[in-house]
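Presented below is the structure to which this report refers.
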Amino acid sequence: MRSNKKLINGWNKLLPGLAAELLGAAVIIFLGWLIALAATGGRM
Amino acid sequence: MPRGSRIANITATAYYSGLIILLLGAIMVVPLVTSILSGEWAAAIDFALSLGICESIGFLLMFFSPRHKKDLTWTQGMFTSSFSWLLGTLVAALPYYLSGHWQSYLDAIFDVMSGFTTTGLTLAQDLDHISNGVNMWRHLLTWLGGQGMVVLALTFFVRSLPGAFKMYVGEAKDERLLPNVIHTARAIWYISIVYLLLGTAVLWIIGVSIGLSPGRGFLHGLWVLMAAWSTGGFAPQSQNILYYHSLAYEIATMLFFIVGSLNFNLHWAVWTGNRRELYRNLEAVTFFITSTILATLVLVELARLGVYPEAAALFRRGYYIIISAHTTTGFMTIYARQFVLEWGPLALFAIIAAMLFGGSASSTAGGFKAVRIGIALKAVAQDVKRLLRPEKAVVIEKFHMVRDIVLEDGHVRPALTIITLYLFLWIVVTLVTAAFGYDLPSAMFEAASVTGNVGLSAGVTVPTMPWLLKVTYILAMWLGRLEFLSVFVLFGYFYNTARGR
């Protein structure tokens, strides 16, 4: 299983992949904060 | 059906179901050890007893069915998946029932089905004083259920299994990450275990920083992560995520349940270097669009009604809940009755839509799945383009799921079939709930939560609810998680057997 070996040995690929997924989720969360700010007219 | 073929179906199902039950029993060692380490001797005895019963049933099933060496037929694969889920639920409920926190065996079965299907609704009594062992079992079941019991068996138990792909499909996963289905199952667990380690560490640190003891912080971190990643929704405290009163905890859980609702195929693509897939993938794009539209609806409505006049509260309550609903997680930062009493009909409707839409296919999430919504919308766009262009023009619509795929009727039909079946089930469950005297908004909300394997509650799911409603919800959770077809095969098989066919 070449691709599995590649994955296990390739932290250089795994870490950016993990970071990209978490960043994608963070963008969705940040968007929620912006919508909440806009909906309340910026009231904190 | 010829008698020989019927016997072959039964022995193949019994053999593989026995294998899966044996494995389930072996996993009970984890809560058993947790109970022993926590000094919970009564719980340890419950787990030892349940483990013995589980192993005995698994062993007997395998002992009395000859080892199945032929390739499974589609019927046998589907049948094995749905039957092992059913049998697994019955035996996994033993420790719950023995703990005394569930008032009947039916309630224990309800909670196991809720865990396995990553729904997250619970009928446990005095949840805040449940032993560490039982809490470990609850969250472990959710975590295992998210990946799939069949996937688990394929990963750890079997080196080469004839007909493995047919069992895998029976568990509502129809995409292979790698050419070999057993390697695919292992890859799914590999991804899940990496997130388990990372997420537990993050939640542990946050837990300790907000005042939990290191030991408790670790267990809570592990359990909450298991429930977040598998989009389950169970939590060790009755107040769910509201218990922690922590923005950091809420953001961390949100991160992990959003990532958990992604397709394993997408994870694999991104992890192997194809990071552009995150914003090109049809499912990821569909989820982004539908969640943004529904979140805007909910937040604007809640702000208009003055339920949460400040941005921070609106984000931590409104946005958290809508994303929790859309990913079919079911974590809550408000009390159940607030939905119906405070949120107003428009926000309630948006949450119901989010729960039905659900997360990604081949993920731990429930609902229609984003890919089916995306395909349905693409099909509508294709039809509109056909009407606008000259009659002889050929209109080709494409979608991107790791590679570019030309949209065909073969994609549209199954997508619309499953969406129709989900909607039909939701209507039936709503009517059954309403027939027991619950108000229509609560009935619609709870039915969407059950059908989409979400776990948010408007207060209908409590230990005192009618037993027939509990049975209805158990069936709906099972149907929703296995996406109907393998359960229909099981019912169809019994029906044909009863008619002597």
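Identifiers in the structure tokens: chain A, B, ... in order shown; residue index from 1 per chain; ligand index from 1 in order shown.
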request  = Select all residues from chain A having any atom no more than 6 Å from an atom of chain B (counting only C-alpha atoms, ignoring ligands), output as a VMD selection string.
outcome  = chain A and resid 13 to 14 17 25 33 36 to 37 39 to 40 43 to 44
Take the selection from the previous step and output its residues with all heavy atoms, as a compact mmCIF listing (two decimals), in the first residue's frame.
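Generated file (again09.txt):
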# COMPACT_ATOMS: atom_id res chain seq x y z
N LYS A 13 3.13 16.38 4.34
CA LYS A 13 1.85 16.51 3.64
C LYS A 13 0.68 16.51 4.63
O LYS A 13 -0.30 17.20 4.45
CB LYS A 13 1.68 15.33 2.68
CG LYS A 13 2.34 15.56 1.35
CD LYS A 13 1.89 14.53 0.36
CE LYS A 13 2.48 14.84 -1.00
NZ LYS A 13 2.13 13.81 -1.98
N LEU A 14 0.82 15.69 5.67
CA LEU A 14 -0.27 15.53 6.64
C LEU A 14 -0.57 16.85 7.38
O LEU A 14 -1.72 17.26 7.47
CB LEU A 14 0.09 14.43 7.64
CG LEU A 14 -0.81 14.29 8.85
CD1 LEU A 14 -2.15 13.74 8.46
CD2 LEU A 14 -0.19 13.39 9.91
N GLY A 17 -2.33 19.49 5.39
CA GLY A 17 -3.70 19.02 5.14
C GLY A 17 -4.59 19.27 6.34
O GLY A 17 -5.69 19.82 6.23
N ALA A 25 -12.58 25.34 8.51
CA ALA A 25 -13.63 25.38 9.55
C ALA A 25 -13.60 26.72 10.26
O ALA A 25 -14.65 27.30 10.59
CB ALA A 25 -13.42 24.23 10.54
N TRP A 33 -19.39 34.90 13.06
CA TRP A 33 -19.18 36.06 13.93
C TRP A 33 -19.53 37.35 13.20
O TRP A 33 -20.20 38.23 13.73
CB TRP A 33 -17.72 36.07 14.43
CG TRP A 33 -17.34 37.31 15.17
CD1 TRP A 33 -16.43 38.23 14.80
CD2 TRP A 33 -17.89 37.77 16.41
NE1 TRP A 33 -16.36 39.25 15.72
CE2 TRP A 33 -17.25 38.99 16.73
CE3 TRP A 33 -18.86 37.28 17.28
CZ2 TRP A 33 -17.55 39.72 17.87
CZ3 TRP A 33 -19.16 38.02 18.43
CH2 TRP A 33 -18.51 39.21 18.72
N ALA A 36 -23.27 37.61 12.90
CA ALA A 36 -23.84 37.99 14.21
C ALA A 36 -23.64 39.49 14.45
O ALA A 36 -24.55 40.18 14.93
CB ALA A 36 -23.19 37.16 15.31
N LEU A 37 -22.44 39.98 14.12
CA LEU A 37 -22.15 41.42 14.29
C LEU A 37 -23.09 42.26 13.43
O LEU A 37 -23.67 43.24 13.89
CB LEU A 37 -20.71 41.70 13.87
CG LEU A 37 -19.64 41.73 14.96
CD1 LEU A 37 -18.28 42.02 14.35
CD2 LEU A 37 -19.96 42.76 16.03
N ALA A 39 -26.02 41.38 12.15
CA ALA A 39 -27.42 41.23 12.56
C ALA A 39 -27.76 42.08 13.77
O ALA A 39 -28.90 42.55 13.93
CB ALA A 39 -27.72 39.76 12.84
N THR A 40 -26.79 42.28 14.67
CA THR A 40 -27.06 43.06 15.89
C THR A 40 -26.67 44.53 15.71
O THR A 40 -26.74 45.30 16.67
CB THR A 40 -26.29 42.48 17.09
OG1 THR A 40 -24.92 42.37 16.71
CG2 THR A 40 -26.83 41.15 17.53
N ARG A 43 -23.64 45.57 18.00
CA ARG A 43 -23.76 45.65 19.47
C ARG A 43 -22.98 44.51 20.12
O ARG A 43 -23.25 43.35 19.83
CB ARG A 43 -25.23 45.54 19.89
CG ARG A 43 -25.78 46.83 20.46
CD ARG A 43 -27.16 46.59 20.95
NE ARG A 43 -27.92 45.84 19.93
CZ ARG A 43 -29.09 46.21 19.47
NH1 ARG A 43 -29.66 47.28 19.91
NH2 ARG A 43 -29.73 45.49 18.57
N MET A 44 -22.02 44.83 20.96
CA MET A 44 -21.19 43.79 21.59
C MET A 44 -21.81 43.38 22.94
O MET A 44 -21.28 42.58 23.65
CB MET A 44 -19.77 44.30 21.77
CG MET A 44 -19.08 44.66 20.47
SD MET A 44 -18.80 43.24 19.43
CE MET A 44 -17.32 42.61 20.17
key: Test item: residues at most 9 Å from His129 of chain B, only C-alpha atoms, excluding those fewer than 3 positions along its chain, as an NGL selection string   = :B and (125-126 or 237)
query = Which is closer to Val450 of chain B than all the others in B:Thr200, B:Gln147, B:Ser246, B:Thr122, using only C-alpha atoms?
reply = B:Thr122
Hey, what's within 10 Å of segment 454-458 of chain B if we count only C-alpha atoms and toss same-chain stuff fewer than 2 positions away? As a PDB file with N, CA and C atoms, in the first residue's frame, please?
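File produced: around_32.pdb:
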ATOM      1  N   SER B 114     -29.238   5.776  19.504  1.00  0.00           N
ATOM      2  CA  SER B 114     -28.926   7.191  19.380  1.00  0.00           C
ATOM      3  C   SER B 114     -27.410   7.395  19.280  1.00  0.00           C
ATOM      4  N   GLY B 115     -26.651   6.576  20.040  1.00  0.00           N
ATOM      5  CA  GLY B 115     -25.196   6.671  19.988  1.00  0.00           C
ATOM      6  C   GLY B 115     -24.638   6.138  18.679  1.00  0.00           C
ATOM      7  N   THR B 117     -25.998   5.756  15.846  1.00  0.00           N
ATOM      8  CA  THR B 117     -26.387   6.541  14.665  1.00  0.00           C
ATOM      9  C   THR B 117     -25.874   7.983  14.757  1.00  0.00           C
ATOM     10  N   THR B 118     -25.111   8.274  15.807  1.00  0.00           N
ATOM     11  CA  THR B 118     -24.575   9.619  16.089  1.00  0.00           C
ATOM     12  C   THR B 118     -25.679  10.671  16.193  1.00  0.00           C
ATOM     13  N   THR B 119     -26.813  10.250  16.756  1.00  0.00           N
ATOM     14  CA  THR B 119     -27.919  11.198  16.939  1.00  0.00           C
ATOM     15  C   THR B 119     -27.656  12.077  18.165  1.00  0.00           C
ATOM     16  N   GLY B 120     -27.573  11.449  19.348  1.00  0.00           N
ATOM     17  CA  GLY B 120     -27.235  12.234  20.536  1.00  0.00           C
ATOM     18  C   GLY B 120     -28.397  12.532  21.460  1.00  0.00           C
ATOM     19  N   LEU B 121     -29.602  12.043  21.131  1.00  0.00           N
ATOM     20  CA  LEU B 121     -30.723  12.206  22.059  1.00  0.00           C
ATOM     21  C   LEU B 121     -30.551  11.169  23.169  1.00  0.00           C
ATOM     22  N   THR B 122     -30.988  11.506  24.377  1.00  0.00           N
ATOM     23  CA  THR B 122     -30.791  10.556  25.471  1.00  0.00           C
ATOM     24  C   THR B 122     -32.019  10.435  26.367  1.00  0.00           C
ATOM     25  N   THR B 231     -19.977  13.826  14.985  1.00  0.00           N
ATOM     26  CA  THR B 231     -21.200  14.624  14.908  1.00  0.00           C
ATOM     27  C   THR B 231     -22.325  13.966  15.719  1.00  0.00           C
ATOM     28  N   GLY B 232     -21.938  13.520  16.926  1.00  0.00           N
ATOM     29  CA  GLY B 232     -22.867  12.764  17.787  1.00  0.00           C
ATOM     30  C   GLY B 232     -23.740  13.637  18.666  1.00  0.00           C
ATOM     31  N   GLY B 233     -23.133  14.424  19.536  1.00  0.00           N
ATOM     32  CA  GLY B 233     -23.938  15.316  20.359  1.00  0.00           C
ATOM     33  C   GLY B 233     -24.094  14.906  21.808  1.00  0.00           C
ATOM     34  N   PHE B 234     -23.617  13.703  22.158  1.00  0.00           N
ATOM     35  CA  PHE B 234     -23.634  13.346  23.578  1.00  0.00           C
ATOM     36  C   PHE B 234     -22.628  14.217  24.318  1.00  0.00           C
ATOM     37  N   ILE B 321     -25.752  26.842  17.414  1.00  0.00           N
ATOM     38  CA  ILE B 321     -26.834  25.869  17.241  1.00  0.00           C
ATOM     39  C   ILE B 321     -27.083  25.576  15.757  1.00  0.00           C
ATOM     40  N   SER B 324     -24.324  23.437  14.559  1.00  0.00           N
ATOM     41  CA  SER B 324     -24.487  22.140  15.227  1.00  0.00           C
ATOM     42  C   SER B 324     -25.607  21.339  14.545  1.00  0.00           C
ATOM     43  N   ALA B 325     -26.684  22.050  14.143  1.00  0.00           N
ATOM     44  CA  ALA B 325     -27.806  21.384  13.474  1.00  0.00           C
ATOM     45  C   ALA B 325     -27.415  20.951  12.063  1.00  0.00           C
ATOM     46  N   HIS B 326     -26.740  21.843  11.335  1.00  0.00           N
ATOM     47  CA  HIS B 326     -26.422  21.563   9.935  1.00  0.00           C
ATOM     48  C   HIS B 326     -25.407  20.432   9.798  1.00  0.00           C
ATOM     49  N   THR B 327     -24.474  20.345  10.766  1.00  0.00           N
ATOM     50  CA  THR B 327     -23.502  19.245  10.714  1.00  0.00           C
ATOM     51  C   THR B 327     -24.089  17.982  11.352  1.00  0.00           C
ATOM     52  N   THR B 328     -25.332  18.062  11.818  1.00  0.00           N
ATOM     53  CA  THR B 328     -26.075  16.989  12.510  1.00  0.00           C
ATOM     54  C   THR B 328     -25.375  16.549  13.795  1.00  0.00           C
ATOM     55  N   THR B 329     -24.700  17.507  14.457  1.00  0.00           N
ATOM     56  CA  THR B 329     -24.024  17.173  15.717  1.00  0.00           C
ATOM     57  C   THR B 329     -25.019  17.127  16.874  1.00  0.00           C
ATOM     58  N   GLY B 330     -25.692  18.235  17.108  1.00  0.00           N
ATOM     59  CA  GLY B 330     -26.696  18.241  18.181  1.00  0.00           C
ATOM     60  C   GLY B 330     -26.179  18.760  19.508  1.00  0.00           C
ATOM     61  N   PHE B 331     -24.952  19.324  19.547  1.00  0.00           N
ATOM     62  CA  PHE B 331     -24.492  19.978  20.768  1.00  0.00           C
ATOM     63  C   PHE B 331     -25.375  21.189  21.014  1.00  0.00           C
ATOM     64  N   MET B 332     -25.690  21.447  22.295  1.00  0.00           N
ATOM     65  CA  MET B 332     -26.606  22.541  22.616  1.00  0.00           C
ATOM     66  C   MET B 332     -25.978  23.532  23.579  1.00  0.00           C
ATOM     67  N   TYR B 335     -31.261  25.716  26.548  1.00  0.00           N
ATOM     68  CA  TYR B 335     -32.129  24.647  27.057  1.00  0.00           C
ATOM     69  C   TYR B 335     -33.173  24.275  25.995  1.00  0.00           C
ATOM     70  N   ALA B 336     -33.609  22.996  26.026  1.00  0.00           N
ATOM     71  CA  ALA B 336     -34.464  22.451  24.961  1.00  0.00           C
ATOM     72  C   ALA B 336     -35.710  23.286  24.664  1.00  0.00           C
ATOM     73  N   ARG B 337     -36.439  23.693  25.675  1.00  0.00           N
ATOM     74  CA  ARG B 337     -37.723  24.358  25.432  1.00  0.00           C
ATOM     75  C   ARG B 337     -37.559  25.770  24.879  1.00  0.00           C
ATOM     76  N   GLN B 338     -36.344  26.329  24.957  1.00  0.00           N
ATOM     77  CA  GLN B 338     -36.123  27.681  24.428  1.00  0.00           C
ATOM     78  C   GLN B 338     -36.379  27.745  22.919  1.00  0.00           C
ATOM     79  N   PHE B 339     -36.139  26.622  22.225  1.00  0.00           N
ATOM     80  CA  PHE B 339     -36.377  26.612  20.774  1.00  0.00           C
ATOM     81  C   PHE B 339     -37.813  27.031  20.460  1.00  0.00           C
ATOM     82  N   VAL B 340     -38.734  26.342  21.118  1.00  0.00           N
ATOM     83  CA  VAL B 340     -40.151  26.554  20.805  1.00  0.00           C
ATOM     84  C   VAL B 340     -40.680  27.819  21.483  1.00  0.00           C
ATOM     85  N   LEU B 341     -40.196  28.092  22.697  1.00  0.00           N
ATOM     86  CA  LEU B 341     -40.767  29.200  23.459  1.00  0.00           C
ATOM     87  C   LEU B 341     -40.176  30.566  23.075  1.00  0.00           C
ATOM     88  N   ILE B 351     -33.783  26.013  11.385  1.00  0.00           N
ATOM     89  CA  ILE B 351     -33.057  24.942  12.106  1.00  0.00           C
ATOM     90  C   ILE B 351     -33.533  23.579  11.610  1.00  0.00           C
ATOM     91  N   ILE B 352     -34.849  23.443  11.417  1.00  0.00           N
ATOM     92  CA  ILE B 352     -35.390  22.170  10.912  1.00  0.00           C
ATOM     93  C   ILE B 352     -34.793  21.861   9.530  1.00  0.00           C
ATOM     94  N   ALA B 354     -31.962  22.933   8.322  1.00  0.00           N
ATOM     95  CA  ALA B 354     -30.536  22.606   8.498  1.00  0.00           C
ATOM     96  C   ALA B 354     -30.375  21.160   8.955  1.00  0.00           C
ATOM     97  N   MET B 355     -31.228  20.729   9.887  1.00  0.00           N
ATOM     98  CA  MET B 355     -31.134  19.358  10.405  1.00  0.00           C
ATOM     99  C   MET B 355     -31.409  18.347   9.299  1.00  0.00           C
ATOM    100  N   LEU B 356     -32.370  18.666   8.434  1.00  0.00           N
ATOM    101  CA  LEU B 356     -32.693  17.735   7.346  1.00  0.00           C
ATOM    102  C   LEU B 356     -31.609  17.737   6.266  1.00  0.00           C
ATOM    103  N   GLY B 358     -28.299  18.295   6.598  1.00  0.00           N
ATOM    104  CA  GLY B 358     -27.212  17.476   7.126  1.00  0.00           C
ATOM    105  C   GLY B 358     -25.839  17.798   6.573  1.00  0.00           C
ATOM    106  N   ALA B 365     -21.823  12.274   9.463  1.00  0.00           N
ATOM    107  CA  ALA B 365     -23.034  13.085   9.601  1.00  0.00           C
ATOM    108  C   ALA B 365     -24.280  12.395   9.028  1.00  0.00           C
ATOM    109  N   GLY B 366     -25.448  12.957   9.360  1.00  0.00           N
ATOM    110  CA  GLY B 366     -26.711  12.409   8.862  1.00  0.00           C
ATOM    111  C   GLY B 366     -27.381  13.390   7.904  1.00  0.00           C
ATOM    112  N   GLY B 367     -28.717  13.251   7.764  1.00  0.00           N
ATOM    113  CA  GLY B 367     -29.478  14.142   6.886  1.00  0.00           C
ATOM    114  C   GLY B 367     -29.414  13.726   5.428  1.00  0.00           C
ATOM    115  N   PRO B 441     -45.004  22.444  16.114  1.00  0.00           N
ATOM    116  CA  PRO B 441     -43.598  22.867  15.978  1.00  0.00           C
ATOM    117  C   PRO B 441     -42.629  21.920  16.692  1.00  0.00           C
ATOM    118  N   SER B 442     -42.989  21.496  17.916  1.00  0.00           N
ATOM    119  CA  SER B 442     -42.115  20.560  18.648  1.00  0.00           C
ATOM    120  C   SER B 442     -42.005  19.239  17.904  1.00  0.00           C
ATOM    121  N   ALA B 443     -43.151  18.761  17.353  1.00  0.00           N
ATOM    122  CA  ALA B 443     -43.168  17.483  16.640  1.00  0.00           C
ATOM    123  C   ALA B 443     -42.291  17.560  15.386  1.00  0.00           C
ATOM    124  N   MET B 444     -42.418  18.677  14.638  1.00  0.00           N
ATOM    125  CA  MET B 444     -41.610  18.832  13.417  1.00  0.00           C
ATOM    126  C   MET B 444     -40.126  18.909  13.758  1.00  0.00           C
ATOM    127  N   PHE B 445     -39.823  19.620  14.824  1.00  0.00           N
ATOM    128  CA  PHE B 445     -38.433  19.801  15.239  1.00  0.00           C
ATOM    129  C   PHE B 445     -37.814  18.465  15.667  1.00  0.00           C
ATOM    130  N   GLU B 446     -38.513  17.769  16.554  1.00  0.00           N
ATOM    131  CA  GLU B 446     -37.965  16.502  17.081  1.00  0.00           C
ATOM    132  C   GLU B 446     -37.852  15.464  15.968  1.00  0.00           C
ATOM    133  N   ALA B 447     -38.851  15.450  15.059  1.00  0.00           N
ATOM    134  CA  ALA B 447     -38.828  14.482  13.951  1.00  0.00           C
ATOM    135  C   ALA B 447     -37.630  14.745  13.037  1.00  0.00           C
ATOM    136  N   ALA B 448     -37.340  16.025  12.769  1.00  0.00           N
ATOM    137  CA  ALA B 448     -36.172  16.355  11.931  1.00  0.00           C
ATOM    138  C   ALA B 448     -34.888  15.938  12.632  1.00  0.00           C
ATOM    139  N   SER B 449     -34.857  16.136  13.952  1.00  0.00           N
ATOM    140  CA  SER B 449     -33.663  15.785  14.717  1.00  0.00           C
ATOM    141  C   SER B 449     -33.409  14.273  14.691  1.00  0.00           C
ATOM    142  N   VAL B 450     -34.495  13.511  14.799  1.00  0.00           N
ATOM    143  CA  VAL B 450     -34.383  12.053  14.808  1.00  0.00           C
ATOM    144  C   VAL B 450     -34.046  11.533  13.409  1.00  0.00           C
ATOM    145  N   THR B 451     -34.761  12.021  12.410  1.00  0.00           N
ATOM    146  CA  THR B 451     -34.569  11.545  11.036  1.00  0.00           C
ATOM    147  C   THR B 451     -33.177  11.881  10.519  1.00  0.00           C
ATOM    148  N   GLY B 452     -32.702  13.095  10.825  1.00  0.00           N
ATOM    149  CA  GLY B 452     -31.389  13.515  10.344  1.00  0.00           C
ATOM    150  C   GLY B 452     -30.252  13.108  11.265  1.00  0.00           C
ATOM    151  N   VAL B 460     -39.237  16.951  23.611  1.00  0.00           N
ATOM    152  CA  VAL B 460     -40.131  15.783  23.481  1.00  0.00           C
ATOM    153  C   VAL B 460     -39.446  14.526  24.020  1.00  0.00           C
ATOM    154  N   THR B 461     -38.149  14.381  23.708  1.00  0.00           N
ATOM    155  CA  THR B 461     -37.433  13.165  24.096  1.00  0.00           C
ATOM    156  C   THR B 461     -37.048  13.205  25.569  1.00  0.00           C
ATOM    157  N   VAL B 462     -37.899  12.609  26.378  1.00  0.00           N
ATOM    158  CA  VAL B 462     -37.653  12.480  27.819  1.00  0.00           C
ATOM    159  C   VAL B 462     -38.071  11.070  28.224  1.00  0.00           C
ATOM    160  N   MET B 477     -34.191   6.597  13.562  1.00  0.00           N
ATOM    161  CA  MET B 477     -32.739   6.833  13.656  1.00  0.00           C
ATOM    162  C   MET B 477     -31.989   5.790  12.835  1.00  0.00           C
TER     163      MET B 477
END
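The residue set within 12 Å of Gly58 of chain B, counting only C-alpha atoms and dropping same-chain residues fewer than 3 places from it, reads Thr13, Ala14, Tyr15, Tyr16, Ser17, Gly18, Leu19, Ile20, Ile21, Leu22, Leu23, Leu24, Gly25, Ala26, Leu51, Gly52, Ile53, Cys54, Glu55, Leu61, Met62, Phe63, Phe64, Ser65, Ser84, Leu87, Gly88 and Val91 of chain B.
For the atom pair formed by atom CA of Met78 of chain B and atom CA of Ile405 of chain B, the distance is 26.9 Å, given to one decimal.
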task = Choose the residue, out of B:Ala353, B:Val285, B:Val429, B:Val406, that has the smallest atom-to-atom separation from Ile474 of chain B; count only C-alpha atoms.
result = B:Val429
